[in-house]
Amino acid sequence: MMNNPYDWIDRSLQTIHRAGWTRHTRTLTGLPGTVINIDGQVLLNFASNDYLGLASDDRLIQAAIQATEGYGTGSTGSRLITGHRQLHRDLEMAIATLKQTEDALVFSSGYAANIGTIAALVGKRDLILCDAYNHSSLRNGAIVSGATLLDYHHCDLVQLSQQLETHRKQFQRCLIITDSVFSMDGDLCPLAELFDVAAAFDCMVLVDEAHGTGVLGKNGAGGIEHCGCTGRPAVQMGTLSKAIGSLGGYIAGSAPLIDFLRHRAASWIYSTGLSPADTAAALAAVTVIQTEPDRRDRLWQNIVYLKQKLAQLPNLPLLPSDSAIICIAMPNVQTAMNFSQYLQSAGILALAIRPPTVPTSRIRLTLMATHTPAQIDQLVIALAGAVVNAPR
Ligand code: PMP
């Protein structure tokens, strides 16, 4: 009897299901927004990354339609072959202006931006220091790079400094990688202090602004602006898929950094250029971010309003948050699942995030600029109901 070399996949899947780690997709129909139709049920949406509500904005939709009509659906090649359009350059310059950097480069996704950039900046003789709560794309970029990878405890700059004291001299280059806003907690890295540590030990810093861009900072540039670090040398990464409401990723930084990535970032060189529709929609969104600060103000009014309301509810411990991501700590996986199910029965989409994605279970809420106070009140009423009625 021949062995089936794929049998192990069934066994692995069974292990995943037995551990309670089964994942499944939900089908959204119609436009995204604060009210969505998902798997046939109309729900209030507190699970979206569309922080400014731009993914259904008519200006982005029209920009995408016009770009498709003018340039076609696909970019037809990598940027160095046939995949480059003036639109890409316009978007890159707009991102550089938003971030106050010399230049920027757009990738096909944020994930690809992190992988390609980290692997271009460091290699076998180098060291990477990684916050324990960093996004998977940062960690995988570090693994792909072949550099020695050390974790430091979440936001623990004392431990980071100790590790650098012990190990820095044995390596050629060193890169510290961190989210600005941590995606599953919503808290903010102390970036000013982190930059000081990096400077003291001659380290580069890559900051992932996926959840900071458009949300934090006076001009919406992100966590770096919020922490008063604009202009400090850094590799600023972000995605076009959250507050920017489109698809794709970017790196912003010095002109030599960006030029170097054009020559060395494999996920940029060997991957098809961003589609005209995605590029044009992102460009329209960056313009909105720059010209309509009141959208960001509305998001922050919603964040403050929800936190005030939640503080009045007993038995709902909040994790520290400085962003549009607000998490409620749950004692265990089952309670988190029961909470999420109860909320869904009350017309609310708010997801349970559990191990192995995070160390401890939580309900993760995300706010949008377009939520109304009445919608937030409805969420709070449902949460109060879950405290009493969801099985623990
Ligand atoms: N970094 C962080 C912190 C993220 O949350 C995400 C998306 N979940 C990414 C990177 C990847 O970005 P993209 O979705 O554009 O691939």
# chains A, B, ... in the order shown; residues from 1 in each chain; ligands from 1
$ residues_near_ligand --ligand "ligand 1" --cutoff "6 Å" --atoms "only C-alpha atoms and all ligand atoms" --output "list of chain:residue names"
A:Ser109, A:Gly110, A:Tyr111, A:His135, A:Ser137, A:Asp179, A:Ser183, A:Asp208, A:Ala210, A:Thr239, A:Ser241, A:Gly248, A:Gly249
$ write_last_selection --atoms "all heavy atoms" --output "PDB file, in the first residue's frame"
ATOM      1  N   SER A 109       0.349  44.446  -0.502  1.00  0.00           N
ATOM      2  CA  SER A 109      -0.368  44.364   0.782  1.00  0.00           C
ATOM      3  C   SER A 109       0.573  44.823   1.886  1.00  0.00           C
ATOM      4  O   SER A 109       1.794  44.912   1.683  1.00  0.00           O
ATOM      5  CB  SER A 109      -0.838  42.923   1.079  1.00  0.00           C
ATOM      6  OG  SER A 109       0.276  42.122   1.427  1.00  0.00           O
ATOM      7  N   GLY A 110      -0.001  45.084   3.048  1.00  0.00           N
ATOM      8  CA  GLY A 110       0.825  45.421   4.201  1.00  0.00           C
ATOM      9  C   GLY A 110       1.698  44.242   4.588  1.00  0.00           C
ATOM     10  O   GLY A 110       2.853  44.411   4.987  1.00  0.00           O
ATOM     11  N   TYR A 111       1.133  43.058   4.476  1.00  0.00           N
ATOM     12  CA  TYR A 111       1.885  41.849   4.827  1.00  0.00           C
ATOM     13  C   TYR A 111       3.140  41.754   3.962  1.00  0.00           C
ATOM     14  O   TYR A 111       4.253  41.534   4.439  1.00  0.00           O
ATOM     15  CB  TYR A 111       0.994  40.616   4.624  1.00  0.00           C
ATOM     16  CG  TYR A 111       1.284  39.498   5.587  1.00  0.00           C
ATOM     17  CD1 TYR A 111       0.431  39.230   6.652  1.00  0.00           C
ATOM     18  CD2 TYR A 111       2.419  38.695   5.439  1.00  0.00           C
ATOM     19  CE1 TYR A 111       0.698  38.199   7.544  1.00  0.00           C
ATOM     20  CE2 TYR A 111       2.690  37.674   6.329  1.00  0.00           C
ATOM     21  CZ  TYR A 111       1.826  37.424   7.383  1.00  0.00           C
ATOM     22  OH  TYR A 111       2.089  36.418   8.269  1.00  0.00           O
ATOM     23  N   HIS A 135       2.432  42.077  15.159  1.00  0.00           N
ATOM     24  CA  HIS A 135       1.623  41.396  14.140  1.00  0.00           C
ATOM     25  C   HIS A 135       2.435  40.294  13.445  1.00  0.00           C
ATOM     26  O   HIS A 135       3.650  40.399  13.281  1.00  0.00           O
ATOM     27  CB  HIS A 135       1.161  42.424  13.099  1.00  0.00           C
ATOM     28  CG  HIS A 135       0.179  41.868  12.118  1.00  0.00           C
ATOM     29  ND1 HIS A 135       0.522  41.521  10.832  1.00  0.00           N
ATOM     30  CD2 HIS A 135      -1.140  41.588  12.248  1.00  0.00           C
ATOM     31  CE1 HIS A 135      -0.551  41.068  10.200  1.00  0.00           C
ATOM     32  NE2 HIS A 135      -1.578  41.094  11.043  1.00  0.00           N
ATOM     33  N   SER A 137       2.864  39.553  10.428  1.00  0.00           N
ATOM     34  CA  SER A 137       3.663  39.911   9.238  1.00  0.00           C
ATOM     35  C   SER A 137       5.055  40.407   9.640  1.00  0.00           C
ATOM     36  O   SER A 137       6.028  40.194   8.915  1.00  0.00           O
ATOM     37  CB  SER A 137       2.951  40.976   8.407  1.00  0.00           C
ATOM     38  OG  SER A 137       2.606  42.088   9.202  1.00  0.00           O
ATOM     39  N   ASP A 179       4.761  47.272  16.332  1.00  0.00           N
ATOM     40  CA  ASP A 179       3.526  47.946  15.928  1.00  0.00           C
ATOM     41  C   ASP A 179       3.506  49.295  16.630  1.00  0.00           C
ATOM     42  O   ASP A 179       4.056  49.435  17.731  1.00  0.00           O
ATOM     43  CB  ASP A 179       2.297  47.161  16.412  1.00  0.00           C
ATOM     44  CG  ASP A 179       2.041  45.899  15.603  1.00  0.00           C
ATOM     45  OD1 ASP A 179       2.541  45.803  14.480  1.00  0.00           O
ATOM     46  OD2 ASP A 179       1.327  45.012  16.110  1.00  0.00           O
ATOM     47  N   SER A 183      -2.435  45.464  17.337  1.00  0.00           N
ATOM     48  CA  SER A 183      -3.689  45.194  16.633  1.00  0.00           C
ATOM     49  C   SER A 183      -4.714  44.432  17.464  1.00  0.00           C
ATOM     50  O   SER A 183      -5.907  44.584  17.251  1.00  0.00           O
ATOM     51  CB  SER A 183      -3.410  44.434  15.346  1.00  0.00           C
ATOM     52  OG  SER A 183      -2.714  43.239  15.612  1.00  0.00           O
ATOM     53  N   ASP A 208       5.190  49.645  12.503  1.00  0.00           N
ATOM     54  CA  ASP A 208       4.017  49.246  11.727  1.00  0.00           C
ATOM     55  C   ASP A 208       2.833  50.122  12.157  1.00  0.00           C
ATOM     56  O   ASP A 208       2.332  49.993  13.269  1.00  0.00           O
ATOM     57  CB  ASP A 208       3.743  47.757  12.000  1.00  0.00           C
ATOM     58  CG  ASP A 208       2.556  47.220  11.222  1.00  0.00           C
ATOM     59  OD1 ASP A 208       1.628  47.998  10.924  1.00  0.00           O
ATOM     60  OD2 ASP A 208       2.543  46.011  10.946  1.00  0.00           O
ATOM     61  N   ALA A 210      -0.176  50.210  10.818  1.00  0.00           N
ATOM     62  CA  ALA A 210      -1.420  49.718  10.204  1.00  0.00           C
ATOM     63  C   ALA A 210      -2.657  50.297  10.891  1.00  0.00           C
ATOM     64  O   ALA A 210      -3.611  50.713  10.231  1.00  0.00           O
ATOM     65  CB  ALA A 210      -1.453  48.194  10.240  1.00  0.00           C
ATOM     66  N   THR A 239      -0.621  50.082   6.095  1.00  0.00           N
ATOM     67  CA  THR A 239      -1.476  49.389   5.140  1.00  0.00           C
ATOM     68  C   THR A 239      -2.444  50.387   4.512  1.00  0.00           C
ATOM     69  O   THR A 239      -2.782  51.404   5.118  1.00  0.00           O
ATOM     70  CB  THR A 239      -2.234  48.230   5.813  1.00  0.00           C
ATOM     71  OG1 THR A 239      -3.116  47.653   4.850  1.00  0.00           O
ATOM     72  CG2 THR A 239      -3.053  48.689   6.999  1.00  0.00           C
ATOM     73  N   SER A 241      -5.377  49.281   3.748  1.00  0.00           N
ATOM     74  CA  SER A 241      -6.632  48.518   3.849  1.00  0.00           C
ATOM     75  C   SER A 241      -7.451  48.821   5.103  1.00  0.00           C
ATOM     76  O   SER A 241      -8.500  48.217   5.300  1.00  0.00           O
ATOM     77  CB  SER A 241      -6.300  47.030   3.824  1.00  0.00           C
ATOM     78  OG  SER A 241      -5.521  46.697   4.955  1.00  0.00           O
ATOM     79  N   GLY A 248      -3.593  47.185  -0.078  1.00  0.00           N
ATOM     80  CA  GLY A 248      -2.185  47.431  -0.377  1.00  0.00           C
ATOM     81  C   GLY A 248      -1.446  47.846   0.884  1.00  0.00           C
ATOM     82  O   GLY A 248      -2.052  47.996   1.948  1.00  0.00           O
ATOM     83  N   GLY A 249      -0.132  47.995   0.753  1.00  0.00           N
ATOM     84  CA  GLY A 249       0.672  48.422   1.900  1.00  0.00           C
ATOM     85  C   GLY A 249       1.711  49.426   1.446  1.00  0.00           C
ATOM     86  O   GLY A 249       1.848  49.674   0.242  1.00  0.00           O
TER      87      GLY A 249
END
$ select_by_dssp --residues "range 179-251 of chain A" --states "strand (DSSP E or B)" --output "compact mmCIF listing (two decimals) with N, CA and C atoms, in the first residue's frame"
# COMPACT_ATOMS: atom_id res chain seq x y z
N ASP A 179 4.76 47.27 16.33
CA ASP A 179 3.53 47.95 15.93
C ASP A 179 3.51 49.30 16.63
N VAL A 181 0.25 50.97 17.06
CA VAL A 181 -0.93 50.50 17.79
C VAL A 181 -0.95 48.97 17.66
N LEU A 188 -0.64 51.51 22.67
CA LEU A 188 0.32 52.21 21.82
C LEU A 188 1.73 51.98 22.34
N MET A 204 18.28 50.34 13.75
CA MET A 204 17.19 50.84 12.91
C MET A 204 15.87 50.48 13.61
N VAL A 205 14.80 51.22 13.24
CA VAL A 205 13.47 50.91 13.81
C VAL A 205 12.46 50.82 12.68
N LEU A 206 11.69 49.74 12.67
CA LEU A 206 10.55 49.65 11.74
C LEU A 206 9.27 49.74 12.57
N VAL A 207 8.44 50.74 12.27
CA VAL A 207 7.18 50.93 13.00
C VAL A 207 6.02 50.60 12.08
N ASP A 208 5.19 49.64 12.50
CA ASP A 208 4.02 49.25 11.73
C ASP A 208 2.83 50.12 12.16
N VAL A 235 11.81 53.45 9.63
CA VAL A 235 11.17 52.80 8.49
C VAL A 235 9.70 52.74 8.88
N GLN A 236 8.87 53.54 8.23
CA GLN A 236 7.45 53.62 8.61
C GLN A 236 6.65 52.75 7.64
N MET A 237 6.00 51.74 8.23
CA MET A 237 5.20 50.84 7.40
C MET A 237 3.72 51.09 7.68
N GLY A 238 2.87 50.82 6.71
CA GLY A 238 1.43 50.92 6.95
C GLY A 238 0.67 50.14 5.91
N THR A 239 -0.62 50.08 6.09
CA THR A 239 -1.48 49.39 5.14
C THR A 239 -2.44 50.39 4.51
N GLY A 249 -0.13 47.99 0.75
CA GLY A 249 0.67 48.42 1.90
C GLY A 249 1.71 49.43 1.45
N TYR A 250 2.43 50.03 2.39
CA TYR A 250 3.46 50.99 1.99
C TYR A 250 4.58 51.04 3.01
N ILE A 251 5.70 51.54 2.53
CA ILE A 251 6.81 51.93 3.40
C ILE A 251 7.08 53.40 3.10
$ atom_distance --atom1 "CA of Thr272 in chain A" --atom2 "CA of Gly146 in chain A"
24.7 Å
$ select_by_dssp --residues "range 88-317 of chain A" --states "alpha helix (DSSP H)" --output "ChimeraX atom specification"
/A:88-99,110-121,136-145,157-167,191-200,223-226,255-264,266-269,276-291,293-311
$ atom_distance --atom1 "CA of Phe195 in chain A" --atom2 "CA of Ile177 in chain A"
11.1 Å
$ atom_distance --atom1 "CA of Asp259 in chain A" --atom2 "CA of Ser275 in chain A"
21.5 Å
$ closest_residue --among "A:Val197, A:Leu306, A:Ala282, A:Leu44" --to "Leu343 in chain A" --atoms "only C-alpha atoms"
A:Leu44
